[in-house]
Each structure stands twice: as structure tokens, then as C-alpha cells.
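Reviewing the structure listed below.
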Amino acid sequence: MRPEPGQVLHFSEDPTITRFVPHVAATAQESEPYVWAVDDRRSPDYWFPRQCPRAMAWAGPETTGDDRDRILGPGCGERVHAVEYGWLEAIRTARLYAYRLPAAPFRPLGEHAHVAVEPVVPLGPPEPVGDLFALHAAAGIQLRVLPVLWPFWDAVVASTLRFSAIRMHNATPR
């Protein structure tokens, strides 16, 4: 589930959105209202139920072999997404939809997202994303299940891997 050229995606559990209007997200660090979307590179970050905490790491040009082997694992690909056991059923049963949006009104915001400051109408009806486990497998992304995310996250941020985390406030407390 990736955008085609000239598109960005917005993932949602709501299949009834007909128009995206700029707003300040409850978890946003920015105070300006935006419509949020992601590009091909960051789409896998959102192959989860919205509230699911996840810690993600992937190899970059600066990643050392030691960090790759220690965190990703030898022969385990270029990317890992970690979740907690308590979220497995939600991931299994989530009904997630992808909205294809025209890329033209969007601009990058950091390395993680694209934002628009005007309302955006989807290019068509939302597409069911389907089995989130199968999506990870088909993309070659390791999906790691842990009792608690924090030790993994601490190791990742201290490494030479690139990383991102979403909804960590919903993770089991430290």
C-alpha cells in the first residue's frame, strides 16, 4: 500500500472522509493547522491501527555493521517495526483505509510527513489496506513483538540506525 507518482497517502480507520480539512492534530508539535499525509518511504510507518504504539528503525548510509546486526539482526533486512504483545489483536483486526491524495498541495515537513494548508479532496474512494501482517511481510519489513517497547527504543536511539516512533504515549509505561 504505497502512493503512485504524484500522490501521497493518508491512512485512517474512518472510510467516510470526503474532504480533508487542515487541523491541529491532538498529538502535533506544530501549532499551524495542516492536512497530513505520507510519501512512499514513510507509508509503512502507518500500517498500524492509529493508536498503536510502534518503534521503527532502518538502516541508513551511516549505519554501522555492528548496529545493523545488533538491532536489525543478521540477515533480517533493512527495516524493523516493533510493537507490544498487547496490540497484536488490534493489528490483526484493524480495518485500515488508505486515501490517495494529489501531491501538488503538499510540502514536506521534516523527514516524516507532508502537509497541506488548504482542504484536499481524495482522488477516489478509500482503499482497504487489508492484512497488516501480510503487508509487512510483502514489503520485507520485520515485525518484532515485544513485552515492552522502551528497551528496544532506547537501544535504537543510541545507535547509528535511522528511526521513528509513533504513539509511544500508548506504550506500556517504563
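In the C-alpha cells, chains take the letters A, B, ... in the order shown, each chain's residues start at 1, and ligands count up from 1 in the order shown.
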Exercise. Using only C-alpha atoms, determine which residues lie at most 7 Å from A:Pro33, disregarding the query and same-chain residues fewer than 4 positions distant; provide the list as a PyMOL selection string.
Key: chain A and resi 22-24+117
Restrict the selected residues to N, CA, C and O atoms and save them as a PDB file, in the first residue's frame.
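part_27.pdb, freshly written:
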```pdb
ATOM      1  N   PRO A  22      -7.554  21.215   6.920  1.00  0.00           N
ATOM      2  CA  PRO A  22      -6.438  21.448   7.847  1.00  0.00           C
ATOM      3  C   PRO A  22      -6.929  21.565   9.291  1.00  0.00           C
ATOM      4  O   PRO A  22      -7.969  22.172   9.565  1.00  0.00           O
ATOM      5  N   HIS A  23      -6.166  20.943  10.198  1.00  0.00           N
ATOM      6  CA  HIS A  23      -6.493  20.993  11.624  1.00  0.00           C
ATOM      7  C   HIS A  23      -5.199  20.825  12.411  1.00  0.00           C
ATOM      8  O   HIS A  23      -4.183  20.390  11.868  1.00  0.00           O
ATOM      9  N   VAL A  24      -5.250  21.176  13.671  1.00  0.00           N
ATOM     10  CA  VAL A  24      -4.116  20.936  14.555  1.00  0.00           C
ATOM     11  C   VAL A  24      -4.370  19.601  15.236  1.00  0.00           C
ATOM     12  O   VAL A  24      -5.317  19.462  16.004  1.00  0.00           O
ATOM     13  N   VAL A 117      -1.901  23.167   3.567  1.00  0.00           N
ATOM     14  CA  VAL A 117      -2.566  24.191   4.381  1.00  0.00           C
ATOM     15  C   VAL A 117      -3.935  24.545   3.826  1.00  0.00           C
ATOM     16  O   VAL A 117      -4.606  25.432   4.336  1.00  0.00           O
TER      17      VAL A 117
END
```
Please build the interface table for stretch 32-151 of chain A against stretch 161-170 of chain A with a cut-off of 10 Å, listing for each qualifying residue the nearest atom pair and the distance in Å to one decimal; count only C-alpha atoms, order rows by chain and increasing number, and write it as a tab-separated table.
```
residue	atom	partner	partner_atom	distance
A:Arg42	CA	A:Ser164	CA	9.9
A:Asp45	CA	A:Ile166	CA	8.1
A:Tyr46	CA	A:Ile166	CA	8.9
A:Arg50	CA	A:Arg167	CA	8.2
A:Gln51	CA	A:Arg167	CA	6.2
A:Cys52	CA	A:Arg167	CA	6.4
A:Pro53	CA	A:Arg167	CA	4.5
A:Arg54	CA	A:Ile166	CA	5.5
A:Ala55	CA	A:Ala165	CA	4.4
A:Met56	CA	A:Ser164	CA	5.3
A:Ala57	CA	A:Phe163	CA	4.3
A:Trp58	CA	A:Arg162	CA	5.4
A:Ala59	CA	A:Leu161	CA	5.2
A:Gly60	CA	A:Arg162	CA	6.1
A:Pro61	CA	A:Leu161	CA	8.9
A:Glu62	CA	A:Leu161	CA	7.5
A:Thr63	CA	A:Leu161	CA	5.2
A:Thr64	CA	A:Leu161	CA	7.9
A:Asp67	CA	A:Leu161	CA	7.0
A:Arg68	CA	A:Leu161	CA	7.4
A:Ile71	CA	A:Leu161	CA	8.6
A:Leu72	CA	A:Leu161	CA	9.2
A:Glu78	CA	A:Leu161	CA	9.9
A:Arg79	CA	A:Arg162	CA	9.4
A:Val80	CA	A:Phe163	CA	9.5
A:His81	CA	A:Ala165	CA	9.2
A:Ala82	CA	A:Ala165	CA	9.4
A:Val83	CA	A:Met168	CA	10.0
A:Glu111	CA	A:Ser164	CA	9.8
A:His112	CA	A:Ser164	CA	8.3
A:Leu149	CA	A:Met168	CA	8.4
A:Trp150	CA	A:Met168	CA	8.8
```
Quiz item: What's the 7 Å shell around A:Val115, counting only C-alpha atoms, without same-chain residues fewer than 3 positions away, as a ChimeraX atom specification?
Solution: /A:34-37,106-109
Exercise. Would you please work out which residue, of A:Ala113, A:Ala104, A:Ile91, A:Tyr99, is nearest to A:Val145 when using only C-alpha atoms?
Key: A:Ile91
Which residues, written as a PDB file with N, CA and C atoms, in the first residue's frame, have at least one atom at most 8 Å from stretch 124-136 of chain A, with only C-alpha atoms counted and residues fewer than 5 positions away on the same chain left out?
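Output contents, as saved in around.pdb:
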```pdb
ATOM      1  N   MET A   1       0.854  -1.174   0.000  1.00  0.00           N
ATOM      2  CA  MET A   1       0.000   0.000   0.000  1.00  0.00           C
ATOM      3  C   MET A   1       0.896   1.232   0.000  1.00  0.00           C
ATOM      4  N   PRO A  15     -13.624   5.183   6.934  1.00  0.00           N
ATOM      5  CA  PRO A  15     -13.765   5.101   5.487  1.00  0.00           C
ATOM      6  C   PRO A  15     -14.743   6.124   4.900  1.00  0.00           C
ATOM      7  N   PRO A  44       4.935   2.811   5.305  1.00  0.00           N
ATOM      8  CA  PRO A  44       4.910   1.683   6.244  1.00  0.00           C
ATOM      9  C   PRO A  44       4.780   2.090   7.710  1.00  0.00           C
ATOM     10  N   TRP A  47       1.088   1.531   8.752  1.00  0.00           N
ATOM     11  CA  TRP A  47       0.405   0.252   8.549  1.00  0.00           C
ATOM     12  C   TRP A  47       0.060  -0.371   9.892  1.00  0.00           C
ATOM     13  N   PHE A  48      -0.626   0.400  10.728  1.00  0.00           N
ATOM     14  CA  PHE A  48      -0.999   0.020  12.096  1.00  0.00           C
ATOM     15  C   PHE A  48      -2.317   0.702  12.446  1.00  0.00           C
ATOM     16  N   ILE A  91      -3.965  -5.110  15.786  1.00  0.00           N
ATOM     17  CA  ILE A  91      -3.318  -5.113  14.474  1.00  0.00           C
ATOM     18  C   ILE A  91      -3.992  -6.155  13.573  1.00  0.00           C
ATOM     19  N   ARG A  92      -4.308  -7.298  14.133  1.00  0.00           N
ATOM     20  CA  ARG A  92      -4.939  -8.368  13.354  1.00  0.00           C
ATOM     21  C   ARG A  92      -6.324  -7.981  12.854  1.00  0.00           C
ATOM     22  N   ARG A  95      -9.344  -2.372  10.659  1.00  0.00           N
ATOM     23  CA  ARG A  95      -9.831  -2.079   9.306  1.00  0.00           C
ATOM     24  C   ARG A  95      -9.262  -0.715   8.951  1.00  0.00           C
ATOM     25  N   LEU A  96      -8.159  -0.748   8.229  1.00  0.00           N
ATOM     26  CA  LEU A  96      -7.433   0.461   7.881  1.00  0.00           C
ATOM     27  C   LEU A  96      -7.670   0.786   6.409  1.00  0.00           C
ATOM     28  N   TYR A  97      -7.778   2.073   6.110  1.00  0.00           N
ATOM     29  CA  TYR A  97      -8.029   2.537   4.744  1.00  0.00           C
ATOM     30  C   TYR A  97      -6.951   3.529   4.344  1.00  0.00           C
ATOM     31  N   ALA A  98      -6.624   3.510   3.056  1.00  0.00           N
ATOM     32  CA  ALA A  98      -5.671   4.473   2.503  1.00  0.00           C
ATOM     33  C   ALA A  98      -6.420   5.406   1.564  1.00  0.00           C
ATOM     34  N   TYR A  99      -6.223   6.686   1.775  1.00  0.00           N
ATOM     35  CA  TYR A  99      -6.770   7.710   0.892  1.00  0.00           C
ATOM     36  C   TYR A  99      -5.634   8.211   0.005  1.00  0.00           C
ATOM     37  N   ARG A 100      -5.820   8.148  -1.284  1.00  0.00           N
ATOM     38  CA  ARG A 100      -4.849   8.702  -2.235  1.00  0.00           C
ATOM     39  C   ARG A 100      -5.184  10.174  -2.434  1.00  0.00           C
ATOM     40  N   ILE A 141       9.525  -6.103   5.671  1.00  0.00           N
ATOM     41  CA  ILE A 141       9.749  -5.376   6.922  1.00  0.00           C
ATOM     42  C   ILE A 141       9.536  -6.334   8.087  1.00  0.00           C
ATOM     43  N   GLN A 142      10.551  -6.467   8.898  1.00  0.00           N
ATOM     44  CA  GLN A 142      10.488  -7.312  10.080  1.00  0.00           C
ATOM     45  C   GLN A 142       9.503  -6.690  11.074  1.00  0.00           C
ATOM     46  N   LEU A 143       8.572  -7.475  11.569  1.00  0.00           N
ATOM     47  CA  LEU A 143       7.633  -7.010  12.586  1.00  0.00           C
ATOM     48  C   LEU A 143       7.982  -7.736  13.873  1.00  0.00           C
TER      49      LEU A 143
END
```
Self-check item: From A:Glu84, A:Asp66, A:Glu32, A:Glu118, residue lying nearest A:Thr172 [only C-alpha atoms]
Solution: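 Nearest candidate to A:Thr172 out of A:Glu84, A:Asp66, A:Glu32, A:Glu118: A:Glu84.
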Quiz item: Quick one: of A:Asp40, A:Glu89, A:Asp154, A:Asp69, who's nearest to A:Glu4, counting only C-alpha atoms?
Solution: A:Asp40
Exercise. From a DSSP pass on the backbone, collect the residues of chain A flagged as strand (DSSP E or B) and hand them back as a PyMOL selection string.
Key: chain A and resi 7-12+20+23+34-38+54-58+79-84+97-102+107-109+113-116+120+127-128+142-146+162-166
Keeping only N, CA and C atoms, take the residues you just selected and write them out as a short mmCIF file (atom, residue, chain, number, x, y, z; two decimals), in the first residue's frame.
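Final file, again-v3.cif:
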```cif
data_model
loop_
_atom_site.label_atom_id
_atom_site.label_comp_id
_atom_site.auth_asym_id
_atom_site.auth_seq_id
_atom_site.Cartn_x
_atom_site.Cartn_y
_atom_site.Cartn_z
N GLN A 7 1.22 11.31 -5.99
CA GLN A 7 0.29 11.10 -4.89
C GLN A 7 1.02 11.05 -3.55
N VAL A 8 0.26 11.30 -2.50
CA VAL A 8 0.65 10.99 -1.13
C VAL A 8 -0.53 10.24 -0.53
N LEU A 9 -0.31 9.60 0.61
CA LEU A 9 -1.38 8.83 1.24
C LEU A 9 -1.71 9.36 2.61
N HIS A 10 -2.96 9.19 2.98
CA HIS A 10 -3.42 9.40 4.36
C HIS A 10 -4.10 8.11 4.78
N PHE A 11 -3.65 7.55 5.92
CA PHE A 11 -4.22 6.31 6.43
C PHE A 11 -5.20 6.63 7.54
N SER A 12 -6.33 5.94 7.56
CA SER A 12 -7.37 6.18 8.56
C SER A 12 -8.20 4.93 8.77
N PHE A 20 -10.45 16.45 3.27
CA PHE A 20 -9.53 16.64 4.39
C PHE A 20 -9.34 18.13 4.61
N HIS A 23 -6.17 20.94 10.20
CA HIS A 23 -6.49 20.99 11.62
C HIS A 23 -5.20 20.82 12.41
N TYR A 34 -2.88 21.71 9.59
CA TYR A 34 -2.43 21.03 8.39
C TYR A 34 -3.34 19.87 8.05
N VAL A 35 -3.29 19.47 6.77
CA VAL A 35 -3.74 18.16 6.32
C VAL A 35 -2.45 17.34 6.26
N TRP A 36 -2.47 16.16 6.86
CA TRP A 36 -1.28 15.33 6.98
C TRP A 36 -1.32 14.17 6.00
N ALA A 37 -0.17 13.85 5.42
CA ALA A 37 -0.06 12.71 4.50
C ALA A 37 1.39 12.22 4.53
N VAL A 38 1.60 11.07 3.90
CA VAL A 38 2.95 10.49 3.84
C VAL A 38 3.27 10.06 2.41
N ARG A 54 4.35 2.25 18.21
CA ARG A 54 5.33 1.49 17.45
C ARG A 54 6.65 2.24 17.38
N ALA A 55 7.71 1.45 17.44
CA ALA A 55 9.07 1.97 17.33
C ALA A 55 9.66 1.35 16.08
N MET A 56 10.23 2.19 15.22
CA MET A 56 10.70 1.72 13.92
C MET A 56 12.15 2.11 13.72
N ALA A 57 12.91 1.23 13.09
CA ALA A 57 14.32 1.52 12.81
C ALA A 57 14.67 0.94 11.45
N TRP A 58 15.57 1.61 10.75
CA TRP A 58 16.01 1.13 9.45
C TRP A 58 17.45 1.59 9.22
N ARG A 79 14.85 -3.06 7.68
CA ARG A 79 13.91 -2.30 8.49
C ARG A 79 13.21 -3.21 9.48
N VAL A 80 12.94 -2.66 10.67
CA VAL A 80 12.19 -3.38 11.69
C VAL A 80 11.16 -2.43 12.31
N HIS A 81 9.97 -2.96 12.53
CA HIS A 81 8.92 -2.26 13.27
C HIS A 81 8.66 -3.08 14.52
N ALA A 82 8.64 -2.44 15.67
CA ALA A 82 8.40 -3.15 16.92
C ALA A 82 7.10 -2.67 17.55
N VAL A 83 6.32 -3.63 18.04
CA VAL A 83 5.06 -3.36 18.74
C VAL A 83 5.03 -4.22 20.00
N GLU A 84 4.06 -3.95 20.85
CA GLU A 84 3.91 -4.74 22.07
C GLU A 84 2.87 -5.85 21.86
N TYR A 97 -7.78 2.07 6.11
CA TYR A 97 -8.03 2.54 4.74
C TYR A 97 -6.95 3.53 4.34
N ALA A 98 -6.62 3.51 3.06
CA ALA A 98 -5.67 4.47 2.50
C ALA A 98 -6.42 5.41 1.56
N TYR A 99 -6.22 6.69 1.78
CA TYR A 99 -6.77 7.71 0.89
C TYR A 99 -5.63 8.21 0.01
N ARG A 100 -5.82 8.15 -1.28
CA ARG A 100 -4.85 8.70 -2.23
C ARG A 100 -5.18 10.17 -2.43
N LEU A 101 -4.18 11.02 -2.21
CA LEU A 101 -4.35 12.46 -2.32
C LEU A 101 -3.38 13.01 -3.37
N PRO A 102 -3.77 14.08 -4.07
CA PRO A 102 -2.83 14.67 -5.02
C PRO A 102 -1.65 15.28 -4.26
N ARG A 107 3.63 19.87 0.97
CA ARG A 107 5.07 20.11 1.05
C ARG A 107 5.63 19.25 2.17
N PRO A 108 6.90 18.87 2.07
CA PRO A 108 7.48 18.06 3.15
C PRO A 108 7.55 18.84 4.46
N LEU A 109 7.33 18.16 5.54
CA LEU A 109 7.52 18.72 6.88
C LEU A 109 8.51 17.79 7.57
N ALA A 113 6.69 13.60 7.21
CA ALA A 113 5.33 13.82 6.71
C ALA A 113 5.31 14.87 5.61
N HIS A 114 4.15 14.95 4.98
CA HIS A 114 3.85 16.01 4.02
C HIS A 114 2.60 16.70 4.54
N VAL A 115 2.55 18.00 4.38
CA VAL A 115 1.41 18.76 4.89
C VAL A 115 0.88 19.71 3.83
N ALA A 116 -0.42 19.95 3.92
CA ALA A 116 -1.09 20.95 3.08
C ALA A 116 -1.80 21.92 4.00
N VAL A 120 -8.16 19.33 1.03
CA VAL A 120 -7.77 18.42 -0.05
C VAL A 120 -8.86 17.37 -0.21
N GLU A 127 -9.17 3.06 -0.06
CA GLU A 127 -8.88 1.67 -0.39
C GLU A 127 -8.61 0.89 0.89
N PRO A 128 -9.27 -0.25 1.09
CA PRO A 128 -8.94 -1.08 2.25
C PRO A 128 -7.48 -1.52 2.17
N GLN A 142 10.55 -6.47 8.90
CA GLN A 142 10.49 -7.31 10.08
C GLN A 142 9.50 -6.69 11.07
N LEU A 143 8.57 -7.48 11.57
CA LEU A 143 7.63 -7.01 12.59
C LEU A 143 7.98 -7.74 13.87
N ARG A 144 8.53 -6.99 14.82
CA ARG A 144 9.00 -7.58 16.07
C ARG A 144 7.98 -7.31 17.16
N VAL A 145 7.67 -8.33 17.95
CA VAL A 145 6.69 -8.21 19.03
C VAL A 145 7.43 -8.35 20.35
N LEU A 146 7.25 -7.36 21.21
CA LEU A 146 7.99 -7.28 22.48
C LEU A 146 7.02 -7.09 23.64
N ARG A 162 18.61 4.85 11.52
CA ARG A 162 17.58 5.88 11.43
C ARG A 162 16.35 5.34 12.14
N PHE A 163 15.50 6.23 12.63
CA PHE A 163 14.40 5.74 13.45
C PHE A 163 13.24 6.72 13.51
N SER A 164 12.12 6.19 13.96
CA SER A 164 10.92 6.98 14.22
C SER A 164 10.05 6.19 15.18
N ALA A 165 9.24 6.89 15.93
CA ALA A 165 8.28 6.25 16.82
C ALA A 165 6.97 7.03 16.76
N ILE A 166 5.89 6.30 16.92
CA ILE A 166 4.56 6.91 16.87
C ILE A 166 3.75 6.37 18.04
#
```
Quiz item: Out of stretch 2-160 of chain A, which residues get helix (DSSP H, G or I) from DSSP, as a PyMOL selection string?
Solution: chain A and resi 43-46+65-72+85-93+132-139+150-157
C-alpha atoms of the current selection, written as a compact mmCIF listing (two decimals), in the first residue's frame:
```txt
# COMPACT_ATOMS: atom_id res chain seq x y z
CA SER A 43 3.86 4.81 4.28
CA PRO A 44 4.91 1.68 6.24
CA ASP A 45 5.02 3.79 9.43
CA TYR A 46 1.21 3.90 9.24
CA GLY A 65 27.54 -3.17 10.62
CA ASP A 66 27.55 -3.73 14.37
CA ASP A 67 24.35 -1.71 14.86
CA ARG A 68 22.70 -3.41 11.89
CA ASP A 69 23.47 -6.86 13.32
CA ARG A 70 22.66 -5.95 16.92
CA ILE A 71 19.31 -4.26 16.31
CA LEU A 72 18.03 -5.40 12.92
CA TYR A 85 2.13 -8.08 22.51
CA GLY A 86 -0.93 -6.27 23.85
CA TRP A 87 -1.53 -4.73 20.40
CA LEU A 88 -1.46 -7.92 18.32
CA GLU A 89 -5.23 -8.43 18.28
CA ALA A 90 -5.84 -4.79 17.31
CA ILE A 91 -3.32 -5.11 14.47
CA ARG A 92 -4.94 -8.37 13.35
CA THR A 93 -8.48 -6.98 13.32
CA LEU A 132 -1.37 -5.58 8.13
CA PHE A 133 0.86 -8.57 8.93
CA ALA A 134 0.83 -9.65 5.27
CA LEU A 135 1.59 -6.09 4.18
CA HIS A 136 4.72 -6.02 6.37
CA ALA A 137 5.79 -9.46 5.11
CA ALA A 138 5.33 -8.50 1.44
CA ALA A 139 7.41 -5.35 1.99
CA TRP A 150 11.18 1.03 25.80
CA PRO A 151 14.36 -1.10 25.96
CA PHE A 152 14.24 -1.56 22.18
CA TRP A 153 13.61 2.15 21.65
CA ASP A 154 16.47 3.15 23.94
CA ALA A 155 18.86 0.90 22.01
CA VAL A 156 17.64 2.25 18.67
CA VAL A 157 18.04 5.95 19.54
```
Quiz item: Do you have the atom CA of A:Ala103-atom CA of A:Asp39 distance handy?
Solution: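 Separating atom CA of A:Ala103 from atom CA of A:Asp39 is a distance of 8.8 Å.
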